[in-house]
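Enquirer: The file below is model-v4.txt, compact mmCIF, C-alpha atoms and all ligand atoms:
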# COMPACT_ATOMS: atom_id res chain seq x y z
CA MET A 585 14.89 10.53 20.40
CA THR A 586 16.35 7.99 22.84
CA GLU A 587 19.13 5.72 21.62
CA ASP A 588 17.05 2.57 21.34
CA THR A 589 14.18 4.21 19.45
CA HIS A 590 14.19 3.76 15.67
CA LEU A 591 11.80 4.90 12.98
CA LEU A 592 9.98 2.39 10.76
CA ILE A 593 8.11 3.98 7.85
CA PHE A 594 5.24 2.55 5.78
CA THR A 595 4.27 4.30 2.58
CA ASP A 596 1.59 4.04 -0.07
CA LEU A 597 2.77 4.67 -3.66
CA ASP A 598 0.27 6.28 -6.09
CA GLY A 599 -0.65 9.80 -5.02
CA THR A 600 1.66 9.50 -2.02
CA LEU A 601 5.32 8.74 -2.81
CA LEU A 602 4.60 8.73 -6.56
CA ASP A 603 3.02 11.70 -8.31
CA TRP A 604 -0.62 11.02 -9.22
CA TYR A 605 -0.12 11.85 -12.92
CA SER A 606 3.54 11.26 -13.77
CA TYR A 607 4.20 8.37 -11.32
CA SER A 608 7.48 10.15 -10.52
CA GLU A 609 9.02 10.16 -7.03
CA SER A 610 11.54 12.89 -7.88
CA ALA A 611 10.11 15.55 -5.52
CA ALA A 612 10.73 13.16 -2.59
CA TRP A 613 14.43 12.55 -3.27
CA PRO A 614 15.88 14.77 -0.50
CA ALA A 615 13.87 12.80 2.11
CA LEU A 616 14.52 9.42 0.43
CA ASN A 617 18.27 10.13 0.49
CA ALA A 618 18.14 11.16 4.14
CA LEU A 619 16.30 7.91 5.07
CA ARG A 620 18.92 5.91 3.25
CA ARG A 621 21.77 7.76 4.99
CA LEU A 622 20.15 7.22 8.39
CA ASN A 623 19.40 3.56 7.65
CA ILE A 624 15.69 3.97 8.34
CA PRO A 625 13.60 1.14 6.85
CA LEU A 626 10.97 2.22 4.34
CA VAL A 627 8.27 -0.38 3.69
CA ILE A 628 6.05 0.09 0.65
CA ALA A 629 2.38 -0.72 1.39
CA THR A 630 0.50 -0.54 -1.87
CA SER A 631 -2.39 -1.91 -3.89
CA LYS A 632 0.18 -2.69 -6.60
CA THR A 633 1.48 -6.21 -7.28
CA LYS A 634 4.92 -7.72 -6.69
CA ALA A 635 5.54 -7.50 -10.47
CA GLU A 636 4.82 -3.76 -10.39
CA VAL A 637 6.77 -3.00 -7.20
CA GLU A 638 9.95 -4.90 -8.13
CA PRO A 639 11.24 -2.46 -10.80
CA LEU A 640 10.67 0.47 -8.40
CA LEU A 641 12.83 -0.93 -5.60
CA PRO A 642 16.27 -0.13 -7.11
CA LEU A 643 14.96 3.29 -8.23
CA LEU A 644 13.84 4.12 -4.70
CA GLY A 645 16.89 2.51 -3.08
CA ILE A 646 14.72 0.07 -1.13
CA SER A 647 15.96 -3.46 -0.64
CA GLU A 648 13.98 -4.77 2.27
CA VAL A 649 10.35 -5.52 2.88
CA PHE A 650 7.24 -4.58 0.87
CA ILE A 651 3.51 -5.16 1.19
CA THR A 652 1.46 -5.72 -1.98
CA GLU A 653 -2.16 -5.81 -3.10
CA ASN A 654 -3.60 -3.88 -0.16
CA GLY A 655 -2.03 -6.02 2.54
CA SER A 656 -2.61 -9.40 0.87
CA GLY A 657 1.07 -10.35 0.88
CA ILE A 658 4.30 -9.37 2.62
CA PHE A 659 7.52 -9.92 0.65
CA LEU A 660 10.78 -10.21 2.58
CA PRO A 661 14.26 -10.83 1.15
CA LYS A 662 15.62 -14.34 1.49
CA GLY A 663 17.53 -14.61 4.76
CA PHE A 664 15.37 -12.03 6.56
CA VAL A 665 14.55 -13.64 9.91
CA ILE A 666 10.82 -14.37 10.31
CA PRO A 667 9.36 -15.52 13.64
CA GLU A 668 8.76 -19.28 13.56
CA GLU A 669 5.01 -19.03 14.12
CA MET A 670 4.56 -16.97 10.94
CA HIS A 671 4.07 -19.26 7.98
CA SER A 672 5.95 -18.23 4.84
CA TYR A 673 6.94 -19.72 1.48
CA LEU A 674 9.75 -19.03 -0.98
CA LEU A 675 9.02 -17.30 -4.29
CA ASP A 676 11.88 -16.12 -6.53
CA ASP A 677 14.19 -14.08 -4.26
CA TYR A 678 11.61 -13.63 -1.52
CA GLN A 679 9.99 -15.19 1.49
CA VAL A 680 6.27 -14.48 1.22
CA ILE A 681 3.78 -14.21 4.04
CA GLN A 682 0.44 -14.67 2.32
CA ILE A 683 -2.46 -13.11 4.20
CA GLY A 684 -5.25 -13.20 1.63
CA PRO A 685 -6.55 -15.91 -0.75
CA SER A 686 -4.86 -16.59 -4.10
CA TYR A 687 -5.80 -14.68 -7.27
CA SER A 688 -7.57 -17.70 -8.79
CA GLU A 689 -9.76 -18.05 -5.68
CA ILE A 690 -10.59 -14.33 -5.85
CA LEU A 691 -11.50 -14.50 -9.55
CA ALA A 692 -13.75 -17.53 -9.02
CA LYS A 693 -15.65 -15.62 -6.33
CA VAL A 694 -15.89 -12.46 -8.46
CA SER A 695 -17.61 -14.50 -11.24
CA GLN A 696 -19.88 -16.05 -8.63
CA ALA A 697 -20.77 -12.60 -7.24
CA GLU A 698 -21.51 -11.30 -10.76
CA ARG A 699 -23.88 -14.23 -11.35
CA ILE A 700 -25.66 -13.87 -8.00
CA SER A 701 -25.99 -10.06 -8.08
CA GLY A 702 -26.65 -9.75 -11.82
CA VAL A 703 -24.06 -6.93 -11.87
CA GLN A 704 -20.99 -6.99 -14.15
CA VAL A 705 -17.75 -5.28 -13.16
CA GLN A 706 -14.78 -4.55 -15.40
CA GLY A 707 -11.85 -6.26 -13.68
CA PHE A 708 -8.15 -6.25 -14.63
CA SER A 709 -8.41 -9.92 -15.67
CA THR A 710 -10.84 -8.91 -18.43
CA MET A 711 -8.94 -5.77 -19.58
CA SER A 712 -6.14 -5.55 -22.12
CA PRO A 713 -2.92 -3.72 -21.13
CA GLU A 714 -4.01 -0.94 -23.54
CA GLU A 715 -7.31 -0.51 -21.68
CA ILE A 716 -5.42 -0.28 -18.39
CA VAL A 717 -3.15 2.39 -19.95
CA SER A 718 -6.19 4.43 -20.98
CA LEU A 719 -7.58 4.30 -17.43
CA THR A 720 -4.34 4.98 -15.56
CA GLY A 721 -1.94 6.76 -17.89
CA MET A 722 0.73 4.28 -16.84
CA ASP A 723 3.42 3.00 -19.16
CA ILE A 724 2.38 -0.06 -21.26
CA GLU A 725 5.11 -2.22 -19.69
CA TYR A 726 3.79 -1.37 -16.21
CA ALA A 727 0.25 -2.08 -17.38
CA LYS A 728 1.39 -5.56 -18.46
CA ARG A 729 3.03 -6.05 -15.08
CA SER A 730 -0.14 -4.90 -13.29
CA LYS A 731 -1.98 -7.84 -14.88
CA LYS A 732 0.42 -10.33 -13.22
CA ARG A 733 -1.52 -10.54 -10.00
CA ASP A 734 -1.06 -12.72 -6.92
CA PHE A 735 -3.96 -11.95 -4.59
CA SER A 736 -6.50 -9.29 -5.64
CA GLU A 737 -8.69 -7.97 -8.47
CA PRO A 738 -9.05 -4.23 -9.16
CA PHE A 739 -12.11 -3.14 -11.10
CA VAL A 740 -13.91 -0.14 -12.52
CA PHE A 741 -17.60 0.22 -12.59
CA ASP A 742 -19.85 2.39 -14.75
CA SER A 743 -23.31 1.49 -13.52
CA SER A 744 -25.38 2.88 -10.62
CA GLN A 745 -24.31 3.12 -6.96
CA GLU A 746 -27.17 0.74 -6.07
CA ASP A 747 -25.75 -1.90 -8.42
CA LEU A 748 -22.32 -1.41 -6.88
CA LYS A 749 -23.77 -1.81 -3.38
CA ARG A 750 -25.60 -5.00 -4.43
CA PHE A 751 -22.43 -6.45 -5.92
CA ILE A 752 -20.33 -5.56 -2.84
CA LYS A 753 -22.94 -7.10 -0.54
CA VAL A 754 -22.57 -10.43 -2.36
CA ILE A 755 -18.77 -10.10 -2.39
CA ASN A 756 -18.87 -9.64 1.41
CA LYS A 757 -21.15 -12.68 1.82
CA LEU A 758 -18.55 -14.71 -0.07
CA GLY A 759 -15.94 -13.71 2.53
CA LEU A 760 -14.15 -11.05 0.48
CA SER A 761 -13.82 -7.29 0.95
CA CYS A 762 -14.01 -4.42 -1.48
CA LEU A 763 -11.52 -1.61 -0.80
CA GLU A 764 -11.58 1.82 -2.38
CA GLY A 765 -8.20 2.89 -3.76
CA GLY A 766 -7.29 6.07 -5.59
CA ARG A 767 -8.31 4.85 -9.06
CA PHE A 768 -9.99 1.47 -8.60
CA HIS A 769 -12.05 -0.63 -6.28
CA HIS A 770 -10.08 -3.70 -5.19
CA ILE A 771 -11.52 -7.08 -4.31
CA VAL A 772 -9.37 -8.73 -1.69
CA GLY A 773 -9.60 -11.32 1.07
CA ASP A 774 -10.00 -10.41 4.72
CA VAL A 775 -6.97 -8.12 4.53
CA ASP A 776 -5.97 -4.48 4.71
CA LYS A 777 -2.73 -2.52 4.81
CA GLY A 778 -3.04 -2.11 8.60
CA LYS A 779 -3.07 -5.84 9.32
CA ALA A 780 -0.03 -6.37 7.12
CA ALA A 781 1.79 -3.41 8.71
CA ARG A 782 1.11 -4.81 12.17
CA ILE A 783 2.64 -8.18 11.17
CA THR A 784 5.61 -6.39 9.59
CA SER A 785 6.18 -4.28 12.73
CA LYS A 786 6.15 -7.48 14.79
CA ILE A 787 8.84 -8.99 12.56
CA TYR A 788 11.08 -5.94 13.11
CA LYS A 789 10.38 -6.07 16.86
CA ASP A 790 11.35 -9.75 16.95
CA ILE A 791 14.59 -9.22 15.06
CA PHE A 792 15.62 -6.23 17.17
CA PRO A 793 14.16 -6.95 20.61
CA GLY A 794 15.97 -4.02 22.28
CA VAL A 795 14.62 -1.46 19.85
CA ASN A 796 11.54 0.65 20.37
CA TRP A 797 10.17 1.10 16.84
CA LYS A 798 8.32 4.36 16.28
CA THR A 799 6.07 3.70 13.29
CA ILE A 800 5.01 6.21 10.63
CA ALA A 801 2.57 5.75 7.71
CA LEU A 802 1.92 7.93 4.68
CA GLY A 803 -1.14 7.60 2.41
CA ASP A 804 -3.81 9.50 0.50
CA SER A 805 -6.86 7.21 0.07
CA PRO A 806 -9.55 5.32 2.02
CA ASN A 807 -7.53 2.08 1.73
CA ASP A 808 -4.74 3.79 3.74
CA ILE A 809 -6.97 4.43 6.77
CA PRO A 810 -6.38 0.95 8.31
CA LEU A 811 -2.67 1.71 8.00
CA PHE A 812 -3.12 5.03 9.82
CA ARG A 813 -4.85 3.23 12.68
CA VAL A 814 -1.90 0.96 13.53
CA VAL A 815 1.01 3.44 13.51
CA ASP A 816 2.33 6.06 15.92
CA ILE A 817 2.45 8.88 13.36
CA PRO A 818 -0.12 8.78 10.52
CA ILE A 819 0.40 11.27 7.66
CA VAL A 820 -2.20 12.06 5.03
CA LEU A 821 -1.11 13.49 1.69
CA ARG A 822 -2.90 16.26 -0.11
CA ARG A 823 -4.55 15.21 -3.39
CA PRO A 824 -4.12 16.97 -6.76
CA ASP A 825 -7.46 18.79 -6.23
CA ASN A 826 -6.06 20.05 -2.87
CA SER A 827 -8.51 17.92 -0.82
CA TYR A 828 -7.64 15.27 1.78
CA VAL A 829 -9.30 11.88 2.22
CA LYS A 830 -12.15 12.00 4.75
CA LEU A 831 -10.83 10.64 8.03
CA PRO A 832 -12.85 8.84 10.72
CA GLU A 833 -13.43 10.82 13.92
CA SER A 834 -11.02 8.61 15.89
CA LEU A 835 -8.08 9.63 13.70
CA ARG A 836 -8.77 13.31 13.18
CA GLY A 837 -6.72 14.73 16.03
CA ARG A 838 -3.82 12.37 15.41
CA VAL A 839 -3.15 12.63 11.68
CA ILE A 840 -0.55 15.04 10.26
CA LYS A 841 -1.75 16.72 7.07
CA ALA A 842 1.06 17.09 4.54
CA PRO A 843 1.29 20.70 3.36
CA ASP A 844 1.67 19.70 -0.28
CA VAL A 845 0.53 17.21 -2.92
CA GLY A 846 1.99 13.68 -3.29
CA PRO A 847 5.80 13.33 -3.24
CA LYS A 848 6.32 17.04 -2.55
CA GLY A 849 4.27 16.78 0.63
CA TRP A 850 5.96 13.43 1.43
CA ASN A 851 9.36 15.12 1.23
CA ALA A 852 8.36 18.06 3.44
CA VAL A 853 6.80 15.98 6.22
CA ILE A 854 9.52 13.32 6.35
CA LEU A 855 12.31 15.93 6.45
CA ASP A 856 10.44 17.72 9.22
CA ILE A 857 10.13 14.50 11.25
CA LEU A 858 13.80 13.68 10.69
CA ARG A 859 14.79 17.13 11.96
CA LYS A 860 12.73 16.56 15.12
CA GLU A 861 13.42 12.87 15.74
CA GLU A 862 16.90 12.39 14.34
CA GLY A 863 18.38 15.88 14.69
CA LEU A 864 18.76 16.18 10.91
CA ASN A 865 20.19 19.57 9.96
CA GLY A 866 18.75 21.88 7.32
MG MG B 1 -2.62 6.16 -3.06
Let me see the file written as C-alpha cells.
Ligand SMILES: [Mg+2]
Expert:
Amino acid sequence: MTEDTHLLIFTDLDGTLLDWYSYSESAAWPALNALRRLNIPLVIATSKTKAEVEPLLPLLGISEVFITENGSGIFLPKGFVIPEEMHSYLLDDYQVIQIGPSYSEILAKVSQAERISGVQVQGFSTMSPEEIVSLTGMDIEYAKRSKKRDFSEPFVFDSSQEDLKRFIKVINKLGLSCLEGGRFHHIVGDVDKGKAARITSKIYKDIFPGVNWKTIALGDSPNDIPLFRVVDIPIVLRRPDNSYVKLPESLRGRVIKAPDVGPKGWNAVILDILRKEEGLNG
C-alpha cells in the first residue's frame, strides 16, 4: 500500500462483528487489536440506536464515529472537524448529522399507514422490554436501551406477505422506507447505511486531504447491501445456517465472502486484508 493510502472500515454489528446468538465480539479480538495498533478507524454502521451503541464503544476500543438506525444519524465526537456545508447539532458528547426524520415523525406516519392499509404491525414503541428480550435474546438492560430511539421503528409482523406488502406500499407513499434487517423490518426515512457511509467518507477525506482512503464494509443482511455498493472492498459474513445474503448481480464479482460465521469470519478477513495491505505479520 502506498504511503498516503489508509484504510477506513465500516462494520455492521449483529451477525457481523457480534455473534448472532451471544452478541459477543470475542472471536474478532485479534483483528480488533490489530486495527487499534495500526490506528485504522472502525466506524460502526448499525440498525441499533445511539443508546445501544454507546456501551459497546469502550468494549470495542472505538472512540470515533458511528452510524445508527440504518444510516439515519451519524454521531461524531465533539471537536471532530465537520465540513461547513454539513449541518450538525450537539447532543450530549456528540455532534450529530441527522439524515432521516425524527422518531416522533416516524411513529406518526406508522400509525397513519396502519389506518390506511388496515394492517397492524408490532413495533418497538408498543413492546415491553421483556417482549423485546423474548424476540432477540438480548439482555434486559440492552432491551430497555433499544427502546430509546432517535430516528427509526423496528417491527415484527405475523400476518400474510400480502398484508406486509400493502403496509409497505403505504409507508413508501408517506415518504418512508422499510428495510429488512437480520431480525426485524425497520421503518426509516429516505436513508440507508450506504448514504451515511458516503457522507462519513467525505468527512474523513476533508480532514485528511492528502490521504487516499481505501474503504471496507462488513455486513450480513439486506440492509448492508447499500453499504457494500459505496465501498472499495465489500465483505459479506456467513450466517449461522452457513448461508450468505443474496447479493444483486452488480455486486457478485466484487464481494469477498468471509470463510466463517459472524465475528470469527470478521477476524479472518480483516487479518487477511491487514497482511496484504499493511504488511501485518502472522
Ligand atoms: Mg447484521
Enquirer: Rounded to one decimal place, report the CA of Arg767 in chain A-CA of Asp747 in chain A distance in Å.
Expert: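 Between CA of Arg767 in chain A and CA of Asp747 in chain A the gap is 18.7 Å.
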Enquirer: Kindly work out which residues sit at most 10 Å from ligand MG 1 (chain B), using only C-alpha atoms and all ligand atoms, and give the list as a PDB file with C-alpha atoms, in the coordinates of the input.
Expert:
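Okay, out13.pdb is ready:
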ATOM      1  CA  THR A 595       4.270   4.300   2.580  1.00  0.00           C
ATOM      2  CA  ASP A 596       1.590   4.040  -0.070  1.00  0.00           C
ATOM      3  CA  LEU A 597       2.770   4.670  -3.660  1.00  0.00           C
ATOM      4  CA  ASP A 598       0.270   6.280  -6.090  1.00  0.00           C
ATOM      5  CA  GLY A 599      -0.650   9.800  -5.020  1.00  0.00           C
ATOM      6  CA  THR A 600       1.660   9.500  -2.020  1.00  0.00           C
ATOM      7  CA  LEU A 601       5.320   8.740  -2.810  1.00  0.00           C
ATOM      8  CA  LEU A 602       4.600   8.730  -6.560  1.00  0.00           C
ATOM      9  CA  ASP A 603       3.020  11.700  -8.310  1.00  0.00           C
ATOM     10  CA  TRP A 604      -0.620  11.020  -9.220  1.00  0.00           C
ATOM     11  CA  ALA A 629       2.380  -0.720   1.390  1.00  0.00           C
ATOM     12  CA  THR A 630       0.500  -0.540  -1.870  1.00  0.00           C
ATOM     13  CA  SER A 631      -2.390  -1.910  -3.890  1.00  0.00           C
ATOM     14  CA  LYS A 632       0.180  -2.690  -6.600  1.00  0.00           C
ATOM     15  CA  GLU A 764     -11.580   1.820  -2.380  1.00  0.00           C
ATOM     16  CA  GLY A 765      -8.200   2.890  -3.760  1.00  0.00           C
ATOM     17  CA  GLY A 766      -7.290   6.070  -5.590  1.00  0.00           C
ATOM     18  CA  ARG A 767      -8.310   4.850  -9.060  1.00  0.00           C
ATOM     19  CA  LEU A 802       1.920   7.930   4.680  1.00  0.00           C
ATOM     20  CA  GLY A 803      -1.140   7.600   2.410  1.00  0.00           C
ATOM     21  CA  ASP A 804      -3.810   9.500   0.500  1.00  0.00           C
ATOM     22  CA  SER A 805      -6.860   7.210   0.070  1.00  0.00           C
ATOM     23  CA  PRO A 806      -9.550   5.320   2.020  1.00  0.00           C
ATOM     24  CA  ASN A 807      -7.530   2.080   1.730  1.00  0.00           C
ATOM     25  CA  ASP A 808      -4.740   3.790   3.740  1.00  0.00           C
ATOM     26  CA  LEU A 821      -1.110  13.490   1.690  1.00  0.00           C
ATOM     27  CA  ARG A 823      -4.550  15.210  -3.390  1.00  0.00           C
ATOM     28  CA  GLY A 846       1.990  13.680  -3.290  1.00  0.00           C
TER      29      GLY A 846
END
Enquirer: Counting all atoms listed in the file, which residues of range 723-777 of chain A sit at most 9 Å from some atom of range 676-689 of chain A, and what is each one's closest atom pair with its distance in Å to one decimal, listed by chain and rising residue number, as CSV?
Expert:
residue,atom,partner,partner_atom,distance
A:Arg733,CA,A:Tyr687,CA,6.6
A:Asp734,CA,A:Tyr687,CA,5.1
A:Phe735,CA,A:Tyr687,CA,4.2
A:Ser736,CA,A:Tyr687,CA,5.7
A:Glu737,CA,A:Tyr687,CA,7.4
A:Val772,CA,A:Gly684,CA,6.9
A:Gly773,CA,A:Gly684,CA,4.8
A:Asp774,CA,A:Gly684,CA,6.3
A:Val775,CA,A:Gly684,CA,6.1
Enquirer: Here is a test: counting only C-alpha atoms, which residue of A:Leu616, A:Ala611, A:Thr652, A:Arg813 is nearest to Glu833 in chain A?
Expert: A:Arg813
Enquirer: Report, as JSON, the centre and edge lengths in Å (one decimal) of the axis-aligned box enclosing every listed atom of range 618-637 of chain A, padded by 8 Å on each side.
Expert:
{"center_x": 9.7, "center_y": 1.7, "center_z": -1.0, "size_x": 40.2, "size_y": 34.9, "size_z": 34.9}
Enquirer: Please identify all polymer residues within 8 Å of range 794-796 of chain A, counting all atoms listed in the file, omitting same-chain residues fewer than 4 positions from it, and present them as a ChimeraX atom specification.
Expert: /A:588-590,789
Enquirer: Between A:Leu748, A:Val814, A:Leu855, A:Leu643, single out the one closest to Arg782 in chain A, counting only C-alpha atoms.
Expert: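 Closest to Arg782 in chain A, using only C-alpha atoms: A:Val814.
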Enquirer: At what distance in Å, to one decimal, does CA of Asn756 in chain A lie from CA of Gln704 in chain A?
Expert: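 Spanning CA of Gln704 in chain A to CA of Asn756 in chain A is a straight-line distance of 15.9 Å.
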Enquirer: For Glu669 in chain A, please output as a PyMOL selection string all residues within 12 Å (counting all atoms listed in the file; exclusion window: fewer than 4 positions along the same chain).
Expert: chain A and resi 665+681+783+786-787+790
Enquirer: Using only C-alpha atoms, which residue out of A:Val839, A:Tyr828, A:Cys762, A:Ala801 lies closest to Ile854 in chain A?
Expert: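 Among the listed residues, A:Ala801 lies closest to Ile854 in chain A.
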Enquirer: If I put a ball of radius 12 Å at (21.7, 14.3, 12.8) in the file's coordinates, which residues poke into it when counting only C-alpha atoms, written as JSON, numbers by chain?
Expert: {"A": [585, 618, 619, 621, 622, 855, 857, 858, 859, 860, 861, 862, 863, 864, 865, 866]}
Enquirer: Just the selected residues (C-alpha atoms), exported as a compact mmCIF listing (two decimals), keeping the file's coordinate frame, please.
Expert:
# COMPACT_ATOMS: atom_id res chain seq x y z
CA MET A 585 14.89 10.53 20.40
CA ALA A 618 18.14 11.16 4.14
CA LEU A 619 16.30 7.91 5.07
CA ARG A 621 21.77 7.76 4.99
CA LEU A 622 20.15 7.22 8.39
CA LEU A 855 12.31 15.93 6.45
CA ILE A 857 10.13 14.50 11.25
CA LEU A 858 13.80 13.68 10.69
CA ARG A 859 14.79 17.13 11.96
CA LYS A 860 12.73 16.56 15.12
CA GLU A 861 13.42 12.87 15.74
CA GLU A 862 16.90 12.39 14.34
CA GLY A 863 18.38 15.88 14.69
CA LEU A 864 18.76 16.18 10.91
CA ASN A 865 20.19 19.57 9.96
CA GLY A 866 18.75 21.88 7.32
Enquirer: Determine, counting all atoms listed in the file, which protein, DNA and RNA residues have an atom within 10 Å of an atom of Ile800 in chain A; residues of the same chain fewer than 6 positions away are not included. Present the result as a compact mmCIF listing (two decimals) with C-alpha atoms, keeping the file's coordinate frame.
Expert:
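The new file result35.txt reads:
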# COMPACT_ATOMS: atom_id res chain seq x y z
CA LEU A 591 11.80 4.90 12.98
CA LEU A 592 9.98 2.39 10.76
CA ILE A 593 8.11 3.98 7.85
CA PHE A 594 5.24 2.55 5.78
CA THR A 595 4.27 4.30 2.58
CA LEU A 626 10.97 2.22 4.34
CA LEU A 811 -2.67 1.71 8.00
CA PHE A 812 -3.12 5.03 9.82
CA VAL A 814 -1.90 0.96 13.53
CA VAL A 815 1.01 3.44 13.51
CA ASP A 816 2.33 6.06 15.92
CA ILE A 817 2.45 8.88 13.36
CA PRO A 818 -0.12 8.78 10.52
CA ILE A 819 0.40 11.27 7.66
CA ILE A 854 9.52 13.32 6.35
CA ILE A 857 10.13 14.50 11.25
Enquirer: Please provide as number ranges by chain all residues within 9 Å of Ser701 in chain A, with the sequence filter that same-chain residues fewer than 6 positions apart are discarded (counting all atoms listed in the file).
Expert: A: 747, 750-754
Enquirer: Print the selection's residues with C-alpha atoms to a file, as a CSV table (one decimal), in the coordinates of the input.
Expert:
chain,number,residue,atom,x,y,z
A,747,ASP,CA,-25.8,-1.9,-8.4
A,750,ARG,CA,-25.6,-5.0,-4.4
A,751,PHE,CA,-22.4,-6.4,-5.9
A,752,ILE,CA,-20.3,-5.6,-2.8
A,753,LYS,CA,-22.9,-7.1,-0.5
A,754,VAL,CA,-22.6,-10.4,-2.4
Enquirer: So which one's closest to Ile624 in chain A, A:Lys779, A:Pro639, A:Ala692, A:Tyr788? Using only C-alpha atoms, please.
Expert: A:Tyr788
Enquirer: So what do you get for CA of Ile646 in chain A versus CA of Pro738 in chain A, distance-wise?
Expert: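 That distance, rounded to one decimal, is 25.5 Å.
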Enquirer: From the structure block, carefully write range 642-684 of chain A out with C-alpha atoms; format it as a PDB file, in the first residue's frame.
Expert:
ATOM      1  CA  PRO A 642     -15.296   1.217  25.240  1.00  0.00           C
ATOM      2  CA  LEU A 643     -15.596  -2.592  24.947  1.00  0.00           C
ATOM      3  CA  LEU A 644     -14.595  -2.481  21.290  1.00  0.00           C
ATOM      4  CA  GLY A 645     -11.993   0.243  21.816  1.00  0.00           C
ATOM      5  CA  ILE A 646     -13.764   2.589  19.411  1.00  0.00           C
ATOM      6  CA  SER A 647     -13.848   6.276  20.205  1.00  0.00           C
ATOM      7  CA  GLU A 648     -14.622   7.948  16.931  1.00  0.00           C
ATOM      8  CA  VAL A 649     -17.571   7.964  14.602  1.00  0.00           C
ATOM      9  CA  PHE A 650     -20.655   5.712  14.472  1.00  0.00           C
ATOM     10  CA  ILE A 651     -23.748   5.449  12.300  1.00  0.00           C
ATOM     11  CA  THR A 652     -27.057   4.458  13.921  1.00  0.00           C
ATOM     12  CA  GLU A 653     -30.529   3.312  12.934  1.00  0.00           C
ATOM     13  CA  ASN A 654     -29.656   2.149   9.425  1.00  0.00           C
ATOM     14  CA  GLY A 655     -27.950   5.353   8.346  1.00  0.00           C
ATOM     15  CA  SER A 656     -30.433   7.768   9.941  1.00  0.00           C
ATOM     16  CA  GLY A 657     -27.795   9.526  12.051  1.00  0.00           C
ATOM     17  CA  ILE A 658     -24.022   9.964  12.178  1.00  0.00           C
ATOM     18  CA  PHE A 659     -22.504  10.601  15.617  1.00  0.00           C
ATOM     19  CA  LEU A 660     -19.093  12.262  15.801  1.00  0.00           C
ATOM     20  CA  PRO A 661     -17.152  13.202  18.938  1.00  0.00           C
ATOM     21  CA  LYS A 662     -17.197  16.851  19.923  1.00  0.00           C
ATOM     22  CA  GLY A 663     -14.269  18.610  18.267  1.00  0.00           C
ATOM     23  CA  PHE A 664     -14.249  16.309  15.223  1.00  0.00           C
ATOM     24  CA  VAL A 665     -13.996  18.667  12.249  1.00  0.00           C
ATOM     25  CA  ILE A 666     -17.108  18.577  10.036  1.00  0.00           C
ATOM     26  CA  PRO A 667     -17.213  20.352   6.659  1.00  0.00           C
ATOM     27  CA  GLU A 668     -19.132  23.632   6.982  1.00  0.00           C
ATOM     28  CA  GLU A 669     -21.826  22.683   4.479  1.00  0.00           C
ATOM     29  CA  MET A 670     -22.864  19.662   6.563  1.00  0.00           C
ATOM     30  CA  HIS A 671     -25.447  20.692   9.113  1.00  0.00           C
ATOM     31  CA  SER A 672     -24.967  19.187  12.574  1.00  0.00           C
ATOM     32  CA  TYR A 673     -26.234  19.703  16.122  1.00  0.00           C
ATOM     33  CA  LEU A 674     -24.814  18.949  19.560  1.00  0.00           C
ATOM     34  CA  LEU A 675     -26.262  16.124  21.658  1.00  0.00           C
ATOM     35  CA  ASP A 676     -24.520  15.001  24.863  1.00  0.00           C
ATOM     36  CA  ASP A 677     -20.864  14.415  23.901  1.00  0.00           C
ATOM     37  CA  TYR A 678     -21.547  14.271  20.174  1.00  0.00           C
ATOM     38  CA  GLN A 679     -22.079  16.278  17.051  1.00  0.00           C
ATOM     39  CA  VAL A 680     -24.955  14.660  15.172  1.00  0.00           C
ATOM     40  CA  ILE A 681     -25.597  14.728  11.462  1.00  0.00           C
ATOM     41  CA  GLN A 682     -29.258  13.795  11.176  1.00  0.00           C
ATOM     42  CA  ILE A 683     -30.172  12.285   7.823  1.00  0.00           C
ATOM     43  CA  GLY A 684     -33.639  10.864   8.482  1.00  0.00           C
TER      44      GLY A 684
END
